>>> print(open('data27.tsv').read())   # TSV, C-alpha atoms
chain	number	residue	atom	x	y	z
E	233	MET	CA	107.75	123.96	74.89
E	234	GLY	CA	109.00	127.34	76.05
E	235	HIS	CA	107.25	129.98	78.11
E	236	ALA	CA	105.18	131.21	75.19
E	237	PRO	CA	102.34	128.82	74.33
E	238	ALA	CA	102.65	126.90	71.06
E	239	ALA	CA	100.59	128.12	68.11
E	240	GLU	CA	98.39	125.08	68.63
E	241	PRO	CA	97.83	123.37	72.01
E	242	VAL	CA	99.65	120.05	72.38
E	243	GLY	CA	97.32	117.03	72.36
E	244	VAL	CA	97.33	114.94	75.54
E	245	ALA	CA	95.95	111.41	76.04
E	246	LEU	CA	95.04	110.76	79.67
E	247	LEU	CA	94.82	107.11	80.74
E	248	GLY	CA	93.08	106.66	84.09
E	249	ALA	CA	91.23	109.95	83.87
E	250	THR	CA	88.84	109.38	86.78
E	251	GLY	CA	91.43	108.36	89.40
E	252	SER	CA	93.23	110.70	91.80
E	253	ILE	CA	96.11	111.42	89.40
E	254	GLY	CA	93.75	111.67	86.44
E	255	THR	CA	91.48	114.24	88.05
E	256	SER	CA	94.53	116.24	89.20
E	257	ALA	CA	95.87	116.13	85.62
E	258	LEU	CA	92.59	117.46	84.25
E	259	ARG	CA	92.73	120.37	86.69
E	260	VAL	CA	96.22	121.15	85.38
E	261	LEU	CA	95.10	120.87	81.74
E	262	ALA	CA	92.07	123.07	82.41
E	263	ARG	CA	94.37	125.83	83.68
E	264	GLN	CA	96.63	125.58	80.62
E	265	PRO	CA	94.21	125.53	77.63
E	266	ALA	CA	96.57	127.53	75.40
E	267	ARG	CA	99.30	124.93	75.85
E	268	PHE	CA	97.51	121.57	76.18
E	269	VAL	CA	94.24	119.96	75.14
E	270	PRO	CA	92.90	116.55	76.25
E	271	VAL	CA	92.33	114.56	73.04
E	272	ALA	CA	91.76	111.11	74.58
E	273	LEU	CA	90.38	110.03	77.96
E	274	THR	CA	90.07	106.52	79.40
E	275	ALA	CA	88.75	105.17	82.68
E	276	ASN	CA	88.62	101.76	84.26
E	277	GLY	CA	84.96	101.56	85.21
E	278	ASN	CA	83.71	104.89	86.59
E	279	LEU	CA	81.20	105.62	83.84
E	280	ALA	CA	79.48	108.58	85.52
E	281	ALA	CA	82.72	110.45	86.24
E	282	LEU	CA	84.06	109.78	82.74
E	283	GLN	CA	80.84	111.07	81.16
E	284	GLU	CA	81.17	114.32	83.12
E	285	GLN	CA	84.76	114.72	81.91
E	286	VAL	CA	83.78	114.01	78.31
E	287	GLU	CA	81.04	116.66	78.48
E	288	ARG	CA	83.54	119.20	79.77
E	289	PHE	CA	86.55	118.48	77.54
E	290	SER	CA	85.04	116.90	74.37
E	291	PRO	CA	87.98	114.56	73.61
E	292	ALA	CA	88.21	112.93	70.19
E	293	TYR	CA	88.59	109.47	71.77
E	294	VAL	CA	87.01	107.94	74.89
E	295	GLY	CA	87.61	104.46	76.27
E	296	LEU	CA	86.21	102.40	79.16
E	297	VAL	CA	88.17	99.31	80.24
E	298	GLN	CA	85.37	97.51	82.06
E	299	SER	CA	82.33	96.50	80.07
E	300	CYS	CA	79.29	98.65	80.76
E	301	PRO	CA	76.02	98.36	78.82
E	302	ASP	CA	75.24	102.03	79.42
E	303	ALA	CA	78.46	103.30	77.80
E	304	PRO	CA	78.02	105.00	74.41
E	305	ALA	CA	78.58	102.68	71.45
E	306	THR	CA	81.19	105.05	70.00
E	307	TRP	CA	83.55	104.58	72.94
E	308	GLY	CA	86.48	102.18	72.96
E	309	ARG	CA	85.91	99.06	75.05
E	310	GLY	CA	88.11	96.70	77.06
E	311	PRO	CA	91.84	96.80	77.90
E	312	ASP	CA	92.72	97.54	74.26
E	313	CYS	CA	91.25	101.03	74.63
E	314	LEU	CA	94.34	102.04	76.66
E	315	VAL	CA	96.64	101.28	73.72
E	316	GLU	CA	94.19	102.89	71.28
E	317	ALA	CA	94.15	106.10	73.32
E	318	ALA	CA	97.95	106.08	73.78
E	319	THR	CA	98.59	105.78	70.04
E	320	ARG	CA	96.17	108.44	68.82
E	321	PRO	CA	98.09	110.53	66.26
E	322	GLU	CA	96.80	113.82	67.69
E	323	ALA	CA	98.25	112.97	71.15
E	324	ALA	CA	101.92	114.01	71.45
E	325	ILE	CA	101.94	113.35	75.22
E	326	VAL	CA	100.43	110.40	77.07
E	327	ILE	CA	99.78	110.71	80.80
E	328	ASN	CA	99.67	107.14	82.09
E	329	ALA	CA	97.80	107.20	85.40
E	330	VAL	CA	96.50	103.62	85.19
E	331	VAL	CA	96.94	101.59	88.38
E	332	GLY	CA	98.87	98.33	88.14
E	333	ALA	CA	100.61	96.28	85.47
E	334	ALA	CA	97.66	96.94	83.13
E	335	GLY	CA	99.39	100.23	82.24
E	336	LEU	CA	102.43	98.55	80.67
E	337	PRO	CA	101.20	97.81	77.11
E	338	ALA	CA	100.02	101.40	76.64
E	339	THR	CA	103.38	102.82	77.78
E	340	LEU	CA	105.25	100.60	75.33
E	341	ALA	CA	102.84	101.45	72.50
E	342	ALA	CA	103.21	105.20	73.09
E	343	LEU	CA	107.01	104.97	73.23
E	344	ARG	CA	107.08	103.00	69.98
E	345	CYS	CA	105.26	105.96	68.42
E	346	GLY	CA	107.98	108.32	69.69
E	347	LYS	CA	105.67	110.06	72.17
E	348	ARG	CA	106.41	111.55	75.55
E	349	VAL	CA	104.97	109.39	78.33
E	350	ALA	CA	104.30	111.29	81.56
E	351	LEU	CA	104.47	108.24	83.78
E	352	ALA	CA	102.40	107.97	86.94
E	353	ASN	CA	102.11	104.20	86.53
E	354	LYS	CA	104.86	102.84	88.81
E	355	GLU	CA	104.36	99.28	87.67
E	356	THR	CA	105.44	99.98	84.07
E	357	LEU	CA	109.09	100.36	85.07
E	358	VAL	CA	108.96	97.86	87.93
E	359	VAL	CA	107.66	95.01	85.78
E	360	ALA	CA	109.67	95.71	82.62
E	361	GLY	CA	112.16	98.51	83.27
E	362	ASP	CA	114.86	97.32	80.88
E	363	ILE	CA	112.38	96.69	78.06
E	364	VAL	CA	110.64	100.04	78.58
E	365	THR	CA	113.83	102.13	78.67
E	366	SER	CA	115.31	100.37	75.63
E	367	THR	CA	112.01	100.88	73.73
E	368	ALA	CA	112.18	104.61	74.51
E	369	ARG	CA	115.77	104.83	73.26
E	370	GLU	CA	115.09	102.81	70.13
E	371	HIS	CA	112.04	104.77	68.99
E	372	GLY	CA	112.84	108.27	70.25
E	373	GLY	CA	110.15	108.23	72.93
E	374	GLU	CA	110.51	110.08	76.23
E	375	LEU	CA	109.82	108.84	79.75
E	376	VAL	CA	109.16	111.70	82.17
E	377	PRO	CA	108.15	110.77	85.73
E	378	VAL	CA	105.01	112.11	87.41
E	379	ASP	CA	105.67	110.62	90.87
E	380	SER	CA	106.56	113.49	93.19
E	381	GLU	CA	109.78	111.75	94.30
E	382	HIS	CA	111.08	111.11	90.79
E	383	SER	CA	109.97	114.52	89.58
E	384	ALA	CA	111.98	115.98	92.47
E	385	ILE	CA	115.09	114.05	91.38
E	386	LEU	CA	114.57	115.10	87.76
E	387	GLN	CA	114.37	118.74	88.86
E	388	CYS	CA	117.50	118.44	91.03
E	389	LEU	CA	119.42	116.80	88.18
E	390	ALA	CA	118.67	119.57	85.66
E	391	GLY	CA	121.82	120.08	83.57
E	392	ARG	CA	123.88	117.56	85.56
E	393	GLN	CA	125.73	114.53	84.18
E	394	PRO	CA	125.35	110.97	85.60
E	395	HIS	CA	128.99	110.84	86.76
E	396	GLU	CA	128.33	113.87	89.00
E	397	VAL	CA	125.75	111.98	91.12
E	398	ARG	CA	126.83	110.20	94.28
E	399	ARG	CA	123.46	109.21	95.72
E	400	LEU	CA	119.71	109.59	95.38
E	401	MET	CA	117.58	109.87	98.53
E	402	LEU	CA	113.85	109.25	98.22
E	403	THR	CA	111.67	110.59	101.00
E	404	ALA	CA	108.78	108.62	102.50
E	405	SER	CA	106.03	110.02	104.69
E	406	GLY	CA	106.13	106.84	106.77
E	407	GLY	CA	102.41	106.29	106.21
E	408	PRO	CA	99.76	105.98	108.93
E	409	PHE	CA	101.74	103.35	110.91
E	410	ARG	CA	105.04	105.24	111.13
E	411	THR	CA	105.09	105.15	114.95
E	412	TRP	CA	103.08	101.97	115.56
E	413	PRO	CA	104.69	98.89	117.17
E	414	ALA	CA	104.99	95.75	115.03
E	415	GLU	CA	102.22	93.83	116.83
E	416	ARG	CA	99.71	96.62	116.22
E	417	ILE	CA	100.74	97.01	112.55
E	418	ALA	CA	100.16	93.30	111.90
E	419	THR	CA	96.50	93.60	112.90
E	420	ALA	CA	95.76	97.02	111.36
E	421	THR	CA	92.34	97.31	109.75
E	422	ARG	CA	91.38	98.45	106.27
E	423	SER	CA	90.12	101.71	107.78
E	424	ASP	CA	93.42	102.25	109.63
E	425	ALA	CA	95.50	101.64	106.52
E	426	LEU	CA	93.48	104.00	104.33
E	427	LYS	CA	94.11	107.03	106.60
E	428	HIS	CA	97.19	108.50	104.94
E	429	PRO	CA	98.60	111.43	106.93
E	430	THR	CA	99.60	113.76	104.07
E	431	TRP	CA	98.34	112.57	100.65
E	432	GLN	CA	94.88	111.93	99.21
E	433	MET	CA	95.27	108.96	96.86
E	434	GLY	CA	93.50	105.89	95.52
E	435	SER	CA	93.04	102.91	97.83
E	436	LYS	CA	95.74	100.66	96.30
E	437	ILE	CA	98.55	103.23	96.48
E	438	THR	CA	97.39	104.28	99.96
E	439	ILE	CA	97.83	100.69	101.19
E	440	ASP	CA	101.22	100.57	99.44
E	441	SER	CA	102.17	103.71	101.37
E	442	ALA	CA	101.14	102.03	104.62
E	443	THR	CA	103.32	98.94	103.93
E	444	LEU	CA	106.12	101.01	102.26
E	445	ALA	CA	105.73	98.81	99.17
E	446	ASN	CA	105.30	102.04	97.22
E	447	LYS	CA	108.78	103.15	98.25
E	448	ALA	CA	110.22	99.84	97.04
E	449	LEU	CA	108.50	100.36	93.70
E	450	GLU	CA	109.91	103.90	93.57
E	451	VAL	CA	113.47	102.69	94.27
E	452	ILE	CA	113.21	100.25	91.34
E	453	GLU	CA	111.75	103.02	89.18
E	454	ALA	CA	114.55	105.43	90.14
E	455	HIS	CA	117.14	102.81	89.19
E	456	HIS	CA	115.68	102.57	85.68
E	457	LEU	CA	114.84	106.25	85.19
E	458	PHE	CA	118.18	107.65	86.28
E	459	GLY	CA	120.58	104.74	85.75
E	460	VAL	CA	121.79	104.79	89.36
E	461	PRO	CA	122.80	101.47	91.02
E	462	TYR	CA	120.67	100.21	93.92
E	463	ASP	CA	123.47	100.66	96.44
E	464	ARG	CA	123.39	104.40	95.73
E	465	ILE	CA	119.63	104.85	96.26
E	466	ASP	CA	118.48	105.42	99.84
E	467	VAL	CA	115.13	106.00	101.54
E	468	VAL	CA	114.57	108.35	104.48
E	469	VAL	CA	111.31	108.96	106.36
E	470	HIS	CA	110.17	112.59	106.23
E	471	PRO	CA	106.71	112.85	107.85
E	472	GLN	CA	105.87	116.37	106.60
E	473	SER	CA	106.18	115.40	102.88
E	474	ILE	CA	107.62	118.83	102.02
E	475	ILE	CA	111.00	117.66	100.67
E	476	HIS	CA	110.15	115.22	97.89
E	477	SER	CA	113.67	113.85	97.35
E	478	PHE	CA	117.36	114.72	97.61
E	479	VAL	CA	120.27	114.31	95.21
E	480	GLU	CA	123.79	114.16	96.67
E	481	PHE	CA	126.56	115.02	94.22
E	482	VAL	CA	130.14	113.75	94.15
E	483	ASP	CA	131.50	116.94	95.69
E	484	GLY	CA	129.24	116.52	98.75
E	485	SER	CA	126.68	119.16	97.76
E	486	VAL	CA	123.04	118.11	98.25
E	487	LEU	CA	120.04	119.51	96.37
E	488	ALA	CA	116.45	118.98	97.54
E	489	GLN	CA	113.19	119.80	95.80
E	490	MET	CA	110.54	121.17	98.13
E	491	GLY	CA	106.87	122.04	97.84
E	492	VAL	CA	103.52	121.56	99.52
E	493	PRO	CA	102.10	118.04	98.94
E	494	SER	CA	100.32	118.42	95.59
E	495	MET	CA	100.49	116.14	92.55
E	496	GLU	CA	99.57	119.03	90.27
E	497	LEU	CA	103.12	120.43	90.26
E	498	PRO	CA	104.86	117.19	89.15
E	499	ILE	CA	102.10	116.59	86.58
E	500	LEU	CA	102.63	120.04	85.06
E	501	TYR	CA	106.43	119.62	85.10
E	502	ALA	CA	106.12	116.28	83.28
E	503	LEU	CA	104.10	118.04	80.57
E	504	THR	CA	106.47	121.00	80.16
E	505	TRP	CA	109.91	119.51	81.06
E	506	PRO	CA	112.59	120.80	80.77
E	507	GLU	CA	110.80	124.17	80.74
E	508	ARG	CA	108.69	125.73	83.49
E	509	VAL	CA	105.51	127.67	82.82
E	510	PRO	CA	103.45	129.99	85.05
E	511	ASP	CA	100.69	128.18	86.93
E	512	SER	CA	98.43	129.01	89.85
E	513	GLY	CA	97.70	125.47	91.01
E	514	VAL	CA	100.09	125.17	93.94
E	515	PRO	CA	99.94	127.55	96.93
E	516	SER	CA	102.89	129.87	97.44
E	517	PHE	CA	105.57	128.30	99.64
E	518	ASP	CA	105.64	129.61	103.22
E	519	PRO	CA	108.46	127.95	105.21
E	520	VAL	CA	107.51	129.70	108.44
E	521	ALA	CA	103.93	128.48	108.30
E	522	LEU	CA	105.11	124.95	107.51
E	523	GLY	CA	107.31	124.84	110.59
E	524	GLY	CA	109.96	122.18	111.25
E	525	LEU	CA	111.11	119.46	108.88
E	526	THR	CA	112.15	116.16	110.47
E	527	PHE	CA	113.77	112.96	109.23
E	528	GLU	CA	113.88	109.40	110.55
E	529	ALA	CA	115.44	106.09	109.56
E	530	VAL	CA	113.14	103.47	108.03
E	531	ARG	CA	112.09	100.79	110.54
E	532	HIS	CA	112.80	97.84	108.25
E	533	GLU	CA	111.68	95.15	110.72
E	534	GLN	CA	108.24	96.73	111.04
E	535	PHE	CA	107.98	97.42	107.28
E	536	PRO	CA	109.47	94.37	105.51
E	537	MET	CA	107.93	95.22	102.12
E	538	LEU	CA	110.59	97.85	101.43
E	539	GLY	CA	113.44	95.38	101.83
E	540	LEU	CA	111.60	92.67	99.88
E	541	GLY	CA	111.06	95.00	96.94
E	542	ILE	CA	114.60	96.37	96.85
E	543	ALA	CA	115.99	92.81	97.04
E	544	ALA	CA	113.74	91.87	94.11
E	545	GLY	CA	115.08	94.85	92.16
E	546	ARG	CA	118.68	93.81	92.83
E	547	ARG	CA	117.89	90.22	91.82
E	548	GLY	CA	116.47	91.39	88.50
E	549	GLY	CA	114.94	89.05	85.94
E	550	ALA	CA	111.29	88.44	86.76
E	551	ALA	CA	111.69	89.11	90.50
E	552	PRO	CA	110.45	92.75	90.36
E	553	ALA	CA	107.42	91.64	88.30
E	554	VAL	CA	106.69	88.89	90.84
E	555	PHE	CA	107.02	91.37	93.73
E	556	ASN	CA	104.67	93.82	92.05
E	557	ALA	CA	102.03	91.27	91.02
E	558	ALA	CA	102.05	89.46	94.35
E	559	ASN	CA	101.68	92.81	96.11
E	560	GLU	CA	98.80	93.90	93.85
E	561	GLU	CA	96.96	90.65	94.54
E	562	ALA	CA	97.69	90.67	98.27
E	563	VAL	CA	96.51	94.29	98.58
E	564	ALA	CA	93.30	93.45	96.70
E	565	GLN	CA	92.70	90.52	99.07
E	566	PHE	CA	93.39	92.74	102.10
E	567	LEU	CA	90.95	95.38	100.84
E	568	ALA	CA	88.36	92.63	100.26
E	569	GLY	CA	88.77	91.41	103.84
E	570	HIS	CA	90.41	88.07	102.98
E	571	LEU	CA	93.91	88.82	104.28
E	572	SER	CA	95.34	90.56	107.34
E	573	PHE	CA	97.56	93.61	106.95
E	574	GLY	CA	100.54	91.63	108.20
E	575	GLY	CA	99.68	88.90	105.70
E	576	ILE	CA	100.49	91.16	102.73
E	577	ALA	CA	104.26	90.94	103.26
E	578	ALA	CA	104.06	87.23	104.13
E	579	ARG	CA	102.27	86.41	100.88
E	580	VAL	CA	104.67	88.54	98.81
E	581	ALA	CA	107.73	86.93	100.44
E	582	ASP	CA	106.28	83.49	99.74
E	583	ALA	CA	105.65	84.34	96.06
E	584	LEU	CA	109.20	85.70	95.66
E	585	GLN	CA	110.69	82.56	97.19
E	586	GLU	CA	108.64	80.35	94.87
E	587	LEU	CA	108.76	82.38	91.64
E	588	GLY	CA	111.43	85.07	91.98
E	589	GLY	CA	113.96	83.17	89.89
E	590	SER	CA	111.71	83.01	86.81
E	591	SER	CA	112.98	84.24	83.45
E	592	GLY	CA	112.55	87.91	82.66
E	593	ASP	CA	114.20	88.02	79.26
E	594	THR	CA	111.09	88.88	77.24
E	595	LEU	CA	107.85	90.75	77.79
E	596	ASP	CA	105.92	87.47	77.48
E	597	ALA	CA	108.09	85.90	80.19
E	598	LEU	CA	107.53	88.88	82.48
E	599	LEU	CA	103.76	88.82	81.93
E	600	ALA	CA	103.76	85.07	82.59
E	601	ALA	CA	105.62	85.64	85.87
E	602	ASP	CA	103.12	88.38	86.73
E	603	ALA	CA	100.16	86.03	86.14
E	604	ALA	CA	101.83	83.17	88.05
E	605	ALA	CA	102.47	85.41	91.07
E	606	ARG	CA	98.83	86.51	91.18
E	607	ARG	CA	97.64	82.89	90.97
E	608	HIS	CA	100.09	81.87	93.67
E	609	VAL	CA	98.85	84.49	96.14
E	610	ARG	CA	95.18	83.73	95.37
E	611	SER	CA	95.66	79.98	95.81
E	612	ARG	CA	97.41	80.40	99.16
E	613	ILE	CA	94.69	82.68	100.46
E	614	VAL	CA	91.91	80.40	99.24
E	615	ALA	CA	93.64	77.47	100.98
E	616	GLU	CA	93.63	79.42	104.24
E	617	LEU	CA	90.00	80.60	104.10
>>> encode(input="data27.tsv", output="structure tokens")
Amino acid sequence: MGHAPAAEPVGVALLGATGSIGTSALRVLARQPARFVPVALTANGNLAALQEQVERFSPAYVGLVQSCPDAPATWGRGPDCLVEAATRPEAAIVINAVVGAAGLPATLAALRCGKRVALANKETLVVAGDIVTSTAREHGGELVPVDSEHSAILQCLAGRQPHEVRRLMLTASGGPFRTWPAERIATATRSDALKHPTWQMGSKITIDSATLANKALEVIEAHHLFGVPYDRIDVVVHPQSIIHSFVEFVDGSVLAQMGVPSMELPILYALTWPERVPDSGVPSFDPVALGGLTFEAVRHEQFPMLGLGIAAGRRGGAAPAVFNAANEEAVAQFLAGHLSFGGIAARVADALQELGGSSGDTLDALLAADAAARRHVRSRIVAEL
């Protein structure tokens, strides 16, 4: 995909079309009609928003995961619609913007078809990183990250060899509780946790940003995407969210990728990588207007989820899947009002202690560990209610 558009636009399947990443992706696709065309759209349960998108883009395939009697009979139904959309022959690229481990089967299916997967679904690599990367290698599929941090690393690594890399540094905004004392964080409300200082995102990932669980997921992802050991992946707090990550090379040189906080740039880059194409979606960069850039160490005691997740990544096996599933369930219970903010890390730590040593040799074993972790968190919360 060079600077000149292809003779025919490339077909794109978009999973999770009505979420924050999905709607950003559609804005990108709408600006690049000569290069890309949405050929499949799926949503979890937002029927009205999906219908509006279908009217605008007229995709060949539409799927709705949750059952809805008002959905057209011609649409795909249930979780299988994600795999159906991802394997459509007219879709050369699959943007996976599904939230949670539900996105994993579609990623694997697309890679088995030799497609490019523009991956915004963190959990795919966290739950089954080794299986996903080996599937891509075996079938000629491509994994290209959409996360702003991993896109930044990909851009900094352009043309570089793995042996040239000394260290990766992921930046974190610090979330809404960056300066709060531990006692106040423990009793933070749902409303407090959903006020992210720099990004507009869905509720689950916004809570993960508040606990720093999202940064743990991103460290595990970076390990699998770039083949860098955990002891050479660091996290630094950068409240302005202008530098999206750093790469330090073996000669001491450091490259950083910068840009205003917008998911549209990493989405476009995932579609066009390794090329760049003209686009008007991101405002021109004005360093003077942006002002100072600051950096801080992570306060690990106040944000234990980061350490829990990285330890799970180092442990390997089913531990990352347990961390992810326990976190998903704990966040859902927090959002539903059944768990305190401080209780999220406590429940995840408990699940890891109980189930973190489970087998992770096969996809079935990983999915079983995922289900067991969710049950474990639910049962503990029910016992406490």
>>> closest_residue(input="data27.tsv", among="E:Ala404, E:Leu246, E:Ala558, E:Ala333", to="His428 (chain E)", atoms="all atoms listed in the file")
E:Ala404
>>> closest_residue(input="data27.tsv", among="E:Ala280, E:Ala262, E:Ala341, E:Val359", to="Ala597 (chain E)", atoms="all atoms listed in the file")
E:Val359
>>> closest_atom_pairs(input="data27.tsv", of="region 292-398 of chain E", to="region 478-502 of chain E", cutoff="9 Å", atoms="only C-alpha atoms", output="Markdown table")
| residue | atom | partner | partner_atom | distance |
| --- | --- | --- | --- | --- |
| E:Ile327 | CA | E:Ile499 | CA | 8.6 |
| E:Val349 | CA | E:Ala502 | CA | 8.6 |
| E:Ala350 | CA | E:Ala502 | CA | 5.6 |
| E:Leu351 | CA | E:Ala502 | CA | 8.2 |
| E:Ala352 | CA | E:Ile499 | CA | 8.6 |
| E:Val376 | CA | E:Ala502 | CA | 5.6 |
| E:Pro377 | CA | E:Ala502 | CA | 6.4 |
| E:Val378 | CA | E:Pro498 | CA | 5.4 |
| E:Asp379 | CA | E:Pro498 | CA | 6.8 |
| E:Ser380 | CA | E:Pro498 | CA | 5.7 |
| E:Glu381 | CA | E:Phe478 | CA | 8.8 |
| E:His382 | CA | E:Pro498 | CA | 8.9 |
| E:Ser383 | CA | E:Pro498 | CA | 5.8 |
| E:Ala384 | CA | E:Gln489 | CA | 5.2 |
| E:Ile385 | CA | E:Val479 | CA | 6.4 |
| E:Gln387 | CA | E:Gln489 | CA | 7.1 |
| E:Cys388 | CA | E:Leu487 | CA | 6.0 |
| E:Leu389 | CA | E:Val479 | CA | 7.5 |
| E:His395 | CA | E:Val482 | CA | 8.0 |
| E:Glu396 | CA | E:Val482 | CA | 5.5 |
| E:Val397 | CA | E:Phe481 | CA | 4.4 |
| E:Arg398 | CA | E:Phe481 | CA | 4.8 |
>>> residues_around(input="data27.tsv", residues="region 432-446 of chain E", least_positions_apart="5", cutoff="7 Å", atoms="all atoms listed in the file", output="ChimeraX atom specification")
/E:251-252,407-409,425-426,535,537-538,541,563
>>> write_last_selection(input="data27.tsv", atoms="C-alpha atoms", output="compact mmCIF listing (two decimals), in the coordinates of the input")
# COMPACT_ATOMS: atom_id res chain seq x y z
CA GLY E 251 91.43 108.36 89.40
CA SER E 252 93.23 110.70 91.80
CA GLY E 407 102.41 106.29 106.21
CA PRO E 408 99.76 105.98 108.93
CA PHE E 409 101.74 103.35 110.91
CA ALA E 425 95.50 101.64 106.52
CA LEU E 426 93.48 104.00 104.33
CA PHE E 535 107.98 97.42 107.28
CA MET E 537 107.93 95.22 102.12
CA LEU E 538 110.59 97.85 101.43
CA GLY E 541 111.06 95.00 96.94
CA VAL E 563 96.51 94.29 98.58
>>> closest_residue(input="data27.tsv", among="E:Ala418, E:Leu296, E:Leu336, E:Ala557", to="Gly574 (chain E)", atoms="only C-alpha atoms")
E:Ala418
>>> closest_residue(input="data27.tsv", among="E:Ala600, E:Val331, E:Val286, E:Val451", to="Arg546 (chain E)", atoms="all atoms listed in the file")
E:Val451
>>> closest_residue(input="data27.tsv", among="E:Glu374, E:Val330, E:Thr306, E:Thr319", to="Ala249 (chain E)", atoms="all atoms listed in the file")
E:Val330
>>> residues_near_point(input="data27.tsv", point="(111.6, 105.4, 65.1)", cutoff="10 Å", atoms="all atoms listed in the file", output="PyMOL selection string")
chain E and resi 343-346+367-373
>>> write_last_selection(input="data27.tsv", atoms="C-alpha atoms", output="PDB file, keeping the file's coordinate frame")
ATOM      1  CA  LEU E 343     107.010 104.970  73.230  1.00  0.00           C
ATOM      2  CA  ARG E 344     107.080 103.000  69.980  1.00  0.00           C
ATOM      3  CA  CYS E 345     105.260 105.960  68.420  1.00  0.00           C
ATOM      4  CA  GLY E 346     107.980 108.320  69.690  1.00  0.00           C
ATOM      5  CA  THR E 367     112.010 100.880  73.730  1.00  0.00           C
ATOM      6  CA  ALA E 368     112.180 104.610  74.510  1.00  0.00           C
ATOM      7  CA  ARG E 369     115.770 104.830  73.260  1.00  0.00           C
ATOM      8  CA  GLU E 370     115.090 102.810  70.130  1.00  0.00           C
ATOM      9  CA  HIS E 371     112.040 104.770  68.990  1.00  0.00           C
ATOM     10  CA  GLY E 372     112.840 108.270  70.250  1.00  0.00           C
ATOM     11  CA  GLY E 373     110.150 108.230  72.930  1.00  0.00           C
TER      12      GLY E 373
END
>>> atom_distance(input="data27.tsv", atom1="CA of Gly513 (chain E)", atom2="CA of Ile474 (chain E)")
16.2 Å
>>> axis_aligned_box(input="data27.tsv", around="region 596-606 of chain E", padding_each_side="8 Å", output="JSON")
{"center_x": 103.5, "center_y": 86.0, "center_z": 84.3, "size_x": 25.3, "size_y": 21.7, "size_z": 29.7}
